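work-v1.cif follows; it contains mmCIF, C-alpha atoms.
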data_query
#
loop_
_atom_site.label_atom_id
_atom_site.label_comp_id
_atom_site.auth_asym_id
_atom_site.auth_seq_id
_atom_site.Cartn_x
_atom_site.Cartn_y
_atom_site.Cartn_z
CA MET Q 1 -30.96 -8.43 -4.30
CA TYR Q 2 -30.87 -10.52 -7.43
CA GLN Q 3 -32.56 -9.21 -10.59
CA LEU Q 4 -32.54 -9.81 -14.32
CA ARG Q 5 -32.16 -6.62 -16.35
CA THR Q 6 -32.12 -5.93 -20.05
CA TYR Q 7 -30.31 -2.62 -19.60
CA ARG Q 8 -27.23 -1.70 -17.61
CA SER Q 9 -27.91 -0.37 -14.15
CA PHE Q 10 -25.95 2.83 -14.22
CA VAL Q 11 -27.07 5.74 -16.40
CA SER Q 12 -25.32 6.32 -19.70
CA TYR Q 13 -25.19 10.11 -19.59
CA ILE Q 14 -23.31 10.18 -22.90
CA ASP Q 15 -26.11 8.34 -24.72
CA ARG Q 16 -29.00 10.02 -22.98
CA SER Q 17 -27.66 13.57 -23.40
CA ARG Q 18 -27.02 12.89 -27.10
CA GLU Q 19 -30.56 11.58 -27.53
CA TYR Q 20 -32.03 14.49 -25.57
CA TYR Q 21 -30.34 17.17 -27.66
CA ALA Q 22 -31.04 15.33 -30.89
CA ALA Q 23 -34.72 15.26 -29.96
CA HIS Q 24 -34.55 19.03 -29.50
CA GLY Q 25 -33.06 19.54 -32.93
CA TYR Q 26 -29.35 19.75 -32.19
CA THR Q 27 -27.73 17.78 -34.99
CA LYS Q 28 -24.11 17.96 -33.82
CA PRO Q 29 -23.65 15.85 -30.70
CA TYR Q 30 -21.11 16.81 -28.07
CA GLU Q 31 -17.86 14.93 -28.47
CA TRP Q 32 -16.69 13.45 -25.17
CA PRO Q 33 -12.96 13.06 -24.54
CA HIS Q 34 -11.41 9.65 -24.90
CA TYR Q 35 -7.77 8.85 -24.23
CA ASP Q 36 -6.11 5.59 -25.20
CA GLY Q 37 -3.17 6.30 -22.91
CA VAL Q 38 -3.93 7.46 -19.38
CA PRO Q 39 -1.15 8.89 -17.19
CA PHE Q 40 -0.67 7.29 -13.80
CA THR Q 41 1.44 8.61 -10.94
CA PRO Q 42 1.92 6.31 -7.98
CA LEU Q 43 2.35 7.82 -4.55
CA LYS Q 44 5.98 8.68 -3.94
CA LYS Q 45 5.75 8.15 -0.19
CA PRO Q 46 3.44 6.44 2.27
CA LEU Q 47 -0.07 7.86 2.36
CA THR Q 48 0.42 8.58 6.06
CA GLU Q 49 3.04 11.15 5.03
CA CYS Q 50 1.12 12.65 2.12
CA ARG Q 51 -0.65 15.97 1.90
CA VAL Q 52 -3.96 15.54 0.09
CA GLY Q 53 -6.17 18.22 -1.43
CA LEU Q 54 -9.66 18.56 -2.88
CA VAL Q 55 -10.91 19.92 -6.20
CA THR Q 56 -14.58 20.66 -6.77
CA THR Q 57 -16.70 21.77 -9.69
CA ALA Q 58 -18.92 23.84 -7.40
CA GLY Q 59 -18.56 27.60 -7.43
CA LYS Q 60 -17.89 30.10 -4.68
CA PRO Q 61 -20.99 31.48 -2.95
CA LYS Q 62 -22.46 34.30 -4.98
CA PRO Q 63 -22.81 37.80 -3.55
CA PRO Q 64 -26.20 38.82 -2.18
CA GLY Q 65 -28.50 40.59 -4.59
CA ALA Q 66 -29.95 39.21 -7.79
CA VAL Q 67 -28.07 41.55 -10.12
CA ALA Q 68 -24.70 41.09 -8.43
CA ALA Q 69 -25.20 37.34 -8.42
CA MET Q 70 -26.15 37.33 -12.07
CA LEU Q 71 -23.09 39.37 -13.03
CA THR Q 72 -20.65 37.16 -11.13
CA GLN Q 73 -18.81 34.89 -13.52
CA ARG Q 74 -17.71 31.43 -12.57
CA GLU Q 75 -13.97 31.20 -12.46
CA LEU Q 76 -11.14 29.16 -11.01
CA TYR Q 77 -10.51 29.72 -7.34
CA ALA Q 78 -8.50 28.52 -4.36
CA GLU Q 79 -10.00 29.14 -0.94
CA PRO Q 80 -8.97 28.31 2.63
CA ALA Q 81 -10.13 24.88 3.77
CA ASN Q 82 -10.09 26.01 7.40
CA PRO Q 83 -12.62 27.04 8.42
CA PRO Q 84 -14.45 24.78 5.98
CA PRO Q 85 -17.05 26.43 3.72
CA GLN Q 86 -20.63 26.12 4.91
CA ARG Q 87 -22.09 26.39 1.42
CA LEU Q 88 -20.86 26.47 -2.15
CA PHE Q 89 -22.73 27.62 -5.24
CA THR Q 90 -24.18 24.76 -7.26
CA ASP Q 91 -27.44 26.17 -8.67
CA ASP Q 92 -26.07 26.52 -12.18
CA LEU Q 93 -24.83 22.95 -12.41
CA PHE Q 94 -26.63 20.00 -13.92
CA TRP Q 95 -27.20 17.77 -10.89
CA ASP Q 96 -30.39 15.97 -9.94
CA LYS Q 97 -32.39 18.74 -8.28
CA LYS Q 98 -35.48 16.57 -7.86
CA ALA Q 99 -33.71 13.72 -6.09
CA THR Q 100 -31.37 15.52 -3.72
CA HIS Q 101 -29.74 18.76 -2.58
CA THR Q 102 -26.26 20.16 -2.06
CA GLU Q 103 -26.74 21.86 1.29
CA ASP Q 104 -24.18 19.56 2.86
CA VAL Q 105 -20.82 20.47 1.34
CA ASP Q 106 -19.29 17.15 2.39
CA SER Q 107 -21.72 15.28 0.16
CA PHE Q 108 -19.84 16.63 -2.88
CA MET Q 109 -16.61 18.07 -1.50
CA PRO Q 110 -15.61 16.12 1.62
CA VAL Q 111 -13.52 18.83 3.29
CA ASN Q 112 -14.48 17.81 6.84
CA ARG Q 113 -14.11 14.09 6.14
CA LEU Q 114 -10.61 14.67 4.76
CA SER Q 115 -9.64 16.72 7.82
CA GLU Q 116 -10.84 13.90 10.02
CA TYR Q 117 -8.64 11.43 8.18
CA ALA Q 118 -5.71 13.79 8.64
CA ALA Q 119 -6.41 14.05 12.37
CA ALA Q 120 -6.60 10.26 12.56
CA GLY Q 121 -3.25 9.88 10.80
CA ARG Q 122 -4.60 8.12 7.71
CA ILE Q 123 -3.03 10.87 5.63
CA GLY Q 124 -0.17 13.17 6.58
CA SER Q 125 -2.22 16.34 6.27
CA ALA Q 126 -5.05 17.97 4.36
CA SER Q 127 -4.29 20.88 2.08
CA ALA Q 128 -4.70 24.35 3.56
CA ARG Q 129 -6.78 25.28 0.51
CA PHE Q 130 -9.39 23.63 -1.68
CA TYR Q 131 -9.71 24.41 -5.37
CA GLY Q 132 -12.69 25.08 -7.61
CA VAL Q 133 -12.85 24.63 -11.34
CA PRO Q 134 -15.99 25.59 -13.29
CA THR Q 135 -17.81 22.92 -15.22
CA ASP Q 136 -16.92 23.92 -18.76
CA TYR Q 137 -17.66 21.96 -21.89
CA SER Q 138 -14.69 23.59 -23.60
CA GLN Q 139 -12.02 20.93 -23.57
CA GLY Q 140 -9.49 23.49 -24.81
CA ARG Q 141 -9.97 25.81 -21.83
CA THR Q 142 -9.97 22.87 -19.44
CA LEU Q 143 -6.68 21.51 -20.79
CA GLU Q 144 -4.89 24.78 -21.48
CA ARG Q 145 -6.03 27.01 -18.62
CA TYR Q 146 -7.82 25.29 -15.82
CA ALA Q 147 -5.73 22.15 -15.35
CA PRO Q 148 -2.35 23.95 -15.37
CA GLN Q 149 -3.60 26.52 -12.85
CA ILE Q 150 -4.99 23.87 -10.52
CA LEU Q 151 -1.71 21.96 -10.75
CA GLU Q 152 0.25 25.12 -9.99
CA TRP Q 153 -1.83 25.76 -6.86
CA CYS Q 154 -1.44 22.14 -5.79
CA ARG Q 155 2.32 22.43 -6.09
CA GLU Q 156 2.34 25.75 -4.22
CA ASP Q 157 0.56 24.02 -1.37
CA GLY Q 158 2.92 21.05 -1.35
CA LEU Q 159 0.33 18.44 -2.31
CA ASP Q 160 1.19 14.82 -3.01
CA ALA Q 161 -2.29 13.82 -4.14
CA VAL Q 162 -5.66 15.26 -5.03
CA LEU Q 163 -9.24 14.01 -4.81
CA LEU Q 164 -11.31 15.54 -7.62
CA SER Q 165 -15.01 15.38 -7.01
CA ALA Q 166 -17.38 16.06 -9.89
CA LEU Q 167 -20.92 17.25 -9.21
CA MET F 1 0.33 14.41 -9.12
CA SER F 2 -1.52 11.34 -7.90
CA THR F 3 -5.26 11.71 -8.40
CA VAL F 4 -8.58 10.05 -7.64
CA ILE F 5 -11.84 11.07 -9.31
CA MET F 6 -14.99 10.77 -7.20
CA GLY F 7 -18.17 10.84 -9.22
CA SER F 8 -21.53 9.41 -10.21
CA ALA F 9 -21.34 9.54 -14.02
CA ARG F 10 -19.54 6.32 -14.72
CA ASP F 11 -19.66 6.35 -18.50
CA ILE F 12 -18.25 9.86 -18.89
CA VAL F 13 -15.29 9.27 -16.59
CA GLU F 14 -14.42 5.80 -17.88
CA GLU F 15 -14.78 6.86 -21.50
CA CYS F 16 -12.24 9.60 -20.90
CA GLY F 17 -9.89 7.40 -18.92
CA VAL F 18 -8.56 8.49 -15.53
CA ALA F 19 -5.93 7.21 -13.17
CA ARG F 20 -8.30 6.14 -10.36
CA PHE F 21 -12.06 6.41 -10.01
CA ILE F 22 -14.44 5.94 -7.08
CA PHE F 23 -17.91 5.53 -8.56
CA THR F 24 -21.06 5.85 -6.48
CA ASP F 25 -24.25 5.07 -8.38
CA PHE F 26 -26.28 7.97 -7.00
CA PRO F 27 -28.23 10.77 -8.64
CA LEU F 28 -25.82 13.50 -9.65
CA GLY F 29 -25.00 15.87 -6.82
CA ASN F 30 -23.73 13.71 -3.97
CA PRO F 31 -20.76 11.70 -5.27
CA CYS F 32 -19.15 11.60 -1.81
CA GLY F 33 -22.16 10.28 0.07
CA LYS F 34 -25.67 11.23 1.02
CA PRO F 35 -26.18 14.63 2.66
CA TRP F 36 -25.56 14.54 6.41
CA ASP F 37 -24.65 10.83 6.35
CA VAL F 38 -21.23 11.18 7.96
CA ALA F 39 -20.58 7.45 8.20
CA MET F 40 -21.26 6.93 4.50
CA GLN F 41 -19.15 9.93 3.51
CA ARG F 42 -16.31 8.72 5.69
CA SER F 43 -16.56 5.29 4.07
CA ILE F 44 -16.47 6.67 0.52
CA VAL F 45 -13.56 8.99 1.21
CA GLY F 46 -11.80 6.08 2.91
CA MET F 47 -12.23 4.02 -0.24
CA ALA F 48 -10.78 6.88 -2.29
CA LEU F 49 -7.74 6.96 -0.02
CA ASP F 50 -7.40 3.17 -0.25
CA LEU F 51 -7.46 3.39 -4.04
CA LEU F 52 -4.95 6.21 -3.96
CA GLU F 53 -2.64 4.00 -1.98
CA ARG F 54 -3.16 0.63 -3.64
CA ALA F 55 -3.88 1.21 -7.34
CA TRP F 56 -1.05 0.01 -9.52
CA MET F 57 -2.21 1.01 -13.00
CA PRO F 58 -4.58 3.55 -14.60
CA ARG F 59 -8.31 3.10 -15.23
CA MET F 60 -8.91 1.39 -11.91
CA THR F 61 -12.52 1.83 -10.77
CA ILE F 62 -14.11 0.96 -7.47
CA GLN F 63 -17.90 1.05 -7.26
CA THR F 64 -19.02 1.81 -3.73
CA PRO F 65 -21.68 -0.54 -2.29
CA PHE F 66 -24.22 2.21 -1.56
CA CYS F 67 -27.64 2.37 -3.19
CA TRP F 68 -30.01 5.31 -3.50
CA ASP F 69 -33.52 4.86 -2.16
CA PHE F 70 -35.75 6.16 -4.94
CA HIS F 71 -38.91 5.30 -3.03
CA ARG F 72 -38.30 8.43 -0.95
CA PHE F 73 -39.29 10.57 -3.92
CA PRO F 74 -42.91 9.78 -4.80
CA ALA F 75 -43.59 13.29 -6.16
CA GLY F 76 -42.18 12.44 -9.52
CA LYS F 77 -39.26 10.91 -11.21
CA SER F 78 -35.90 12.23 -10.29
CA LEU F 79 -33.55 12.98 -13.13
CA ARG F 80 -31.74 9.75 -12.33
CA GLN F 81 -34.94 7.76 -12.71
CA ALA F 82 -35.91 9.57 -15.88
CA LEU F 83 -32.53 8.93 -17.47
CA GLY F 84 -32.18 5.34 -16.35
CA ARG F 85 -33.76 2.78 -18.62
CA ARG F 86 -35.77 0.62 -16.34
CA ASP F 87 -37.65 -2.24 -17.90
CA ALA F 88 -39.80 -4.50 -15.80
CA THR F 89 -37.39 -6.55 -13.78
CA VAL F 90 -37.80 -9.86 -12.14
CA ASP F 91 -36.83 -9.59 -8.52
CA ARG F 92 -35.53 -13.00 -7.66
CA GLY F 93 -34.48 -11.89 -4.23
CA ASN F 94 -38.03 -11.48 -3.01
CA GLY F 95 -39.24 -14.75 -4.42
CA SER F 96 -41.43 -13.15 -7.10
#
I'd like the structure from this file rewritten - as structure tokens, please.
Amino acid sequence: MYQLRTYRSFVSYIDRSREYYAAHGYTKPYEWPHYDGVPFTPLKKPLTECRVGLVTTAGKPKPPGAVAAMLTQRELYAEPANPPPQRLFTDDLFWDKKATHTEDVDSFMPVNRLSEYAAAGRIGSASARFYGVPTDYSQGRTLERYAPQILEWCREDGLDAVLLSAL
Amino acid sequence: MSTVIMGSARDIVEECGVARFIFTDFPLGNPCGKPWDVAMQRSIVGMALDLLERAWMPRMTIQTPFCWDFHRFPAGKSLRQALGRRDATVDRGNGS
């Protein structure tokens, strides 16, 4: 389909969130990270020999009961990928709740799709665990706590590569 | 560690700068494909694996070819629609 547009097609979440909070009286806009230099690690062996893992920003399912659920803090976690989780907790995340849902885990953390690619030989194997990192606007905590822990778990599990899927 | 980001917020990820990025222009929540659409999910994950294998430098982005059908949501604007700036467009494809 050919169209003429005066605005870009994809949403600028940086601009729109700044405008939204400014309209609500927040005078200090959030400062998004920007790196001039970006690290890049090529695969060290053929993909067909690589073990690949998944990282999600969804949380673990909360315990039953409103009070217990409310008291449960989001935290880093590593859980078995087999059997794959039927549901993950996403209610507290800022995704488009009018347009869609997150009842299908593979729509945001493709654990079954990755297993299928492993079975088909596209990758060597899928990681025995998947990893969850809470959406946190603290760049300090993300850099100093979450990322090192995720990397440590990935190395424990012998991963060569990771797919990180952001809700 | 070799990495691929899969997401639907293009500006945030590209502003930061990542090694490899598979971008699907969907409402936030389903960056790996529509719910229950196994073929689409398999295609998007396949593209992520292709990028993992073939990228040769950082900041490489692939935009998947999938589009979201907003006409399925007549009850009101989704967040994606509310945030997207949509002026009147001229649809050349339909001859208008």
Exercise: range 128-137 of chain Q partners within 6 Å, all atoms listed in the file, chain neighbours under 6 positions left out, as a PyMOL selection string: chain Q and resi 54-57+76-81
Interface list for chain Q, partner chain F, 6 Å threshold, all atoms listed in the file, as an MDAnalysis selection string: chainID Q and resid 1:5 11:12 33:35 38 40:41 95:96 98:99 104 107:108 113 161:167
d(CA of Pro63 in chain Q, CA of Thr102 in chain Q) in Å: 18.0 Å
Test item: the PyMOL selection byres ((chain Q and resi 156) around 12) resolved as a PyMOL selection string: chain Q and resi 51+53+78+127-129+149-155+157-160
Counting all atoms listed in the file, the residue of Q:Ala23, Q:Ala119, Q:Phe10, Q:Glu31 that sits nearest Ser138 in chain Q: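 Using all atoms listed in the file, Ser138 in chain Q sits closest to Q:Glu31.
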Atomic separation - CA of Val105 in chain Q relative to CA of Leu88 in chain Q, Å: 6.9 Å
Point-to-point distance from CA of Leu114 in chain Q to CA of Gln139 in chain Q, Å rounded to tenths: 29.0 Å
Nearest-residue call for Pro29 in chain Q, choices Q:Leu93, Q:Ile14, Q:Tyr146, Q:Ala120, using all atoms listed in the file: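 Among the listed residues, Q:Ile14 lies closest to Pro29 in chain Q.
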Would you fill out range 22-56 of chain F with N, CA and C atoms and return it as a PDB file, in the coordinates of the input?
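That gives us part-v4.pdb:
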ATOM      1  N   ILE F  22     -13.483   6.468  -8.041  1.00  0.00           N
ATOM      2  CA  ILE F  22     -14.440   5.940  -7.080  1.00  0.00           C
ATOM      3  C   ILE F  22     -15.821   6.305  -7.605  1.00  0.00           C
ATOM      4  N   PHE F  23     -16.601   5.307  -7.972  1.00  0.00           N
ATOM      5  CA  PHE F  23     -17.910   5.530  -8.560  1.00  0.00           C
ATOM      6  C   PHE F  23     -18.999   5.170  -7.552  1.00  0.00           C
ATOM      7  N   THR F  24     -19.894   6.125  -7.314  1.00  0.00           N
ATOM      8  CA  THR F  24     -21.060   5.850  -6.480  1.00  0.00           C
ATOM      9  C   THR F  24     -22.293   6.062  -7.346  1.00  0.00           C
ATOM     10  N   ASP F  25     -23.104   5.037  -7.465  1.00  0.00           N
ATOM     11  CA  ASP F  25     -24.250   5.070  -8.380  1.00  0.00           C
ATOM     12  C   ASP F  25     -25.421   5.797  -7.731  1.00  0.00           C
ATOM     13  N   PHE F  26     -25.287   7.089  -7.588  1.00  0.00           N
ATOM     14  CA  PHE F  26     -26.280   7.970  -7.000  1.00  0.00           C
ATOM     15  C   PHE F  26     -26.756   8.951  -8.049  1.00  0.00           C
ATOM     16  N   PRO F  27     -27.895   9.602  -7.816  1.00  0.00           N
ATOM     17  CA  PRO F  27     -28.230  10.770  -8.640  1.00  0.00           C
ATOM     18  C   PRO F  27     -27.103  11.784  -8.566  1.00  0.00           C
ATOM     19  N   LEU F  28     -26.879  12.503  -9.642  1.00  0.00           N
ATOM     20  CA  LEU F  28     -25.820  13.500  -9.650  1.00  0.00           C
ATOM     21  C   LEU F  28     -26.026  14.529  -8.543  1.00  0.00           C
ATOM     22  N   GLY F  29     -24.944  14.847  -7.862  1.00  0.00           N
ATOM     23  CA  GLY F  29     -25.000  15.870  -6.820  1.00  0.00           C
ATOM     24  C   GLY F  29     -24.340  15.461  -5.518  1.00  0.00           C
ATOM     25  N   ASN F  30     -24.299  14.183  -5.241  1.00  0.00           N
ATOM     26  CA  ASN F  30     -23.730  13.710  -3.970  1.00  0.00           C
ATOM     27  C   ASN F  30     -22.742  12.567  -4.196  1.00  0.00           C
ATOM     28  N   PRO F  31     -21.673  12.809  -4.955  1.00  0.00           N
ATOM     29  CA  PRO F  31     -20.760  11.700  -5.270  1.00  0.00           C
ATOM     30  C   PRO F  31     -19.976  11.190  -4.069  1.00  0.00           C
ATOM     31  N   CYS F  32     -19.938  11.974  -2.990  1.00  0.00           N
ATOM     32  CA  CYS F  32     -19.150  11.600  -1.810  1.00  0.00           C
ATOM     33  C   CYS F  32     -20.003  11.064  -0.688  1.00  0.00           C
ATOM     34  N   GLY F  33     -21.274  10.826  -0.951  1.00  0.00           N
ATOM     35  CA  GLY F  33     -22.160  10.280   0.070  1.00  0.00           C
ATOM     36  C   GLY F  33     -23.401  11.124   0.242  1.00  0.00           C
ATOM     37  N   LYS F  34     -24.407  10.532   0.842  1.00  0.00           N
ATOM     38  CA  LYS F  34     -25.670  11.230   1.020  1.00  0.00           C
ATOM     39  C   LYS F  34     -25.490  12.420   1.963  1.00  0.00           C
ATOM     40  N   PRO F  35     -26.283  13.476   1.761  1.00  0.00           N
ATOM     41  CA  PRO F  35     -26.180  14.630   2.660  1.00  0.00           C
ATOM     42  C   PRO F  35     -26.390  14.224   4.115  1.00  0.00           C
ATOM     43  N   TRP F  36     -25.497  14.716   4.952  1.00  0.00           N
ATOM     44  CA  TRP F  36     -25.560  14.540   6.410  1.00  0.00           C
ATOM     45  C   TRP F  36     -25.286  13.101   6.860  1.00  0.00           C
ATOM     46  N   ASP F  37     -24.965  12.210   5.960  1.00  0.00           N
ATOM     47  CA  ASP F  37     -24.650  10.830   6.350  1.00  0.00           C
ATOM     48  C   ASP F  37     -23.133  10.720   6.519  1.00  0.00           C
ATOM     49  N   VAL F  38     -22.672  11.089   7.712  1.00  0.00           N
ATOM     50  CA  VAL F  38     -21.230  11.180   7.960  1.00  0.00           C
ATOM     51  C   VAL F  38     -20.551   9.830   7.795  1.00  0.00           C
ATOM     52  N   ALA F  39     -21.186   8.781   8.284  1.00  0.00           N
ATOM     53  CA  ALA F  39     -20.580   7.450   8.200  1.00  0.00           C
ATOM     54  C   ALA F  39     -20.381   7.036   6.742  1.00  0.00           C
ATOM     55  N   MET F  40     -21.385   7.283   5.910  1.00  0.00           N
ATOM     56  CA  MET F  40     -21.260   6.930   4.500  1.00  0.00           C
ATOM     57  C   MET F  40     -20.169   7.771   3.826  1.00  0.00           C
ATOM     58  N   GLN F  41     -20.163   9.059   4.109  1.00  0.00           N
ATOM     59  CA  GLN F  41     -19.150   9.930   3.510  1.00  0.00           C
ATOM     60  C   GLN F  41     -17.749   9.493   3.929  1.00  0.00           C
ATOM     61  N   ARG F  42     -17.619   9.147   5.189  1.00  0.00           N
ATOM     62  CA  ARG F  42     -16.310   8.720   5.690  1.00  0.00           C
ATOM     63  C   ARG F  42     -15.900   7.423   4.974  1.00  0.00           C
ATOM     64  N   SER F  43     -16.857   6.545   4.747  1.00  0.00           N
ATOM     65  CA  SER F  43     -16.560   5.290   4.070  1.00  0.00           C
ATOM     66  C   SER F  43     -16.115   5.537   2.621  1.00  0.00           C
ATOM     67  N   ILE F  44     -16.817   6.412   1.923  1.00  0.00           N
ATOM     68  CA  ILE F  44     -16.470   6.670   0.520  1.00  0.00           C
ATOM     69  C   ILE F  44     -15.119   7.358   0.406  1.00  0.00           C
ATOM     70  N   VAL F  45     -14.864   8.324   1.245  1.00  0.00           N
ATOM     71  CA  VAL F  45     -13.560   8.990   1.210  1.00  0.00           C
ATOM     72  C   VAL F  45     -12.460   7.991   1.590  1.00  0.00           C
ATOM     73  N   GLY F  46     -12.765   7.110   2.531  1.00  0.00           N
ATOM     74  CA  GLY F  46     -11.800   6.080   2.910  1.00  0.00           C
ATOM     75  C   GLY F  46     -11.451   5.180   1.736  1.00  0.00           C
ATOM     76  N   MET F  47     -12.479   4.843   0.940  1.00  0.00           N
ATOM     77  CA  MET F  47     -12.230   4.020  -0.240  1.00  0.00           C
ATOM     78  C   MET F  47     -11.368   4.777  -1.249  1.00  0.00           C
ATOM     79  N   ALA F  48     -11.604   6.075  -1.374  1.00  0.00           N
ATOM     80  CA  ALA F  48     -10.780   6.880  -2.290  1.00  0.00           C
ATOM     81  C   ALA F  48      -9.325   6.877  -1.832  1.00  0.00           C
ATOM     82  N   LEU F  49      -9.108   6.977  -0.541  1.00  0.00           N
ATOM     83  CA  LEU F  49      -7.740   6.960  -0.020  1.00  0.00           C
ATOM     84  C   LEU F  49      -7.115   5.575  -0.203  1.00  0.00           C
ATOM     85  N   ASP F  50      -7.909   4.532  -0.017  1.00  0.00           N
ATOM     86  CA  ASP F  50      -7.400   3.170  -0.250  1.00  0.00           C
ATOM     87  C   ASP F  50      -6.969   3.011  -1.703  1.00  0.00           C
ATOM     88  N   LEU F  51      -7.787   3.510  -2.616  1.00  0.00           N
ATOM     89  CA  LEU F  51      -7.460   3.390  -4.040  1.00  0.00           C
ATOM     90  C   LEU F  51      -6.229   4.215  -4.375  1.00  0.00           C
ATOM     91  N   LEU F  52      -6.132   5.378  -3.763  1.00  0.00           N
ATOM     92  CA  LEU F  52      -4.950   6.210  -3.960  1.00  0.00           C
ATOM     93  C   LEU F  52      -3.682   5.447  -3.587  1.00  0.00           C
ATOM     94  N   GLU F  53      -3.786   4.713  -2.532  1.00  0.00           N
ATOM     95  CA  GLU F  53      -2.640   4.000  -1.980  1.00  0.00           C
ATOM     96  C   GLU F  53      -2.338   2.719  -2.726  1.00  0.00           C
ATOM     97  N   ARG F  54      -3.356   2.009  -3.185  1.00  0.00           N
ATOM     98  CA  ARG F  54      -3.160   0.630  -3.640  1.00  0.00           C
ATOM     99  C   ARG F  54      -3.242   0.442  -5.157  1.00  0.00           C
ATOM    100  N   ALA F  55      -3.783   1.412  -5.889  1.00  0.00           N
ATOM    101  CA  ALA F  55      -3.880   1.210  -7.340  1.00  0.00           C
ATOM    102  C   ALA F  55      -2.486   1.081  -7.921  1.00  0.00           C
ATOM    103  N   TRP F  56      -2.369   0.223  -8.936  1.00  0.00           N
ATOM    104  CA  TRP F  56      -1.050   0.010  -9.520  1.00  0.00           C
ATOM    105  C   TRP F  56      -1.007   0.326 -11.012  1.00  0.00           C
TER     106      TRP F  56
END
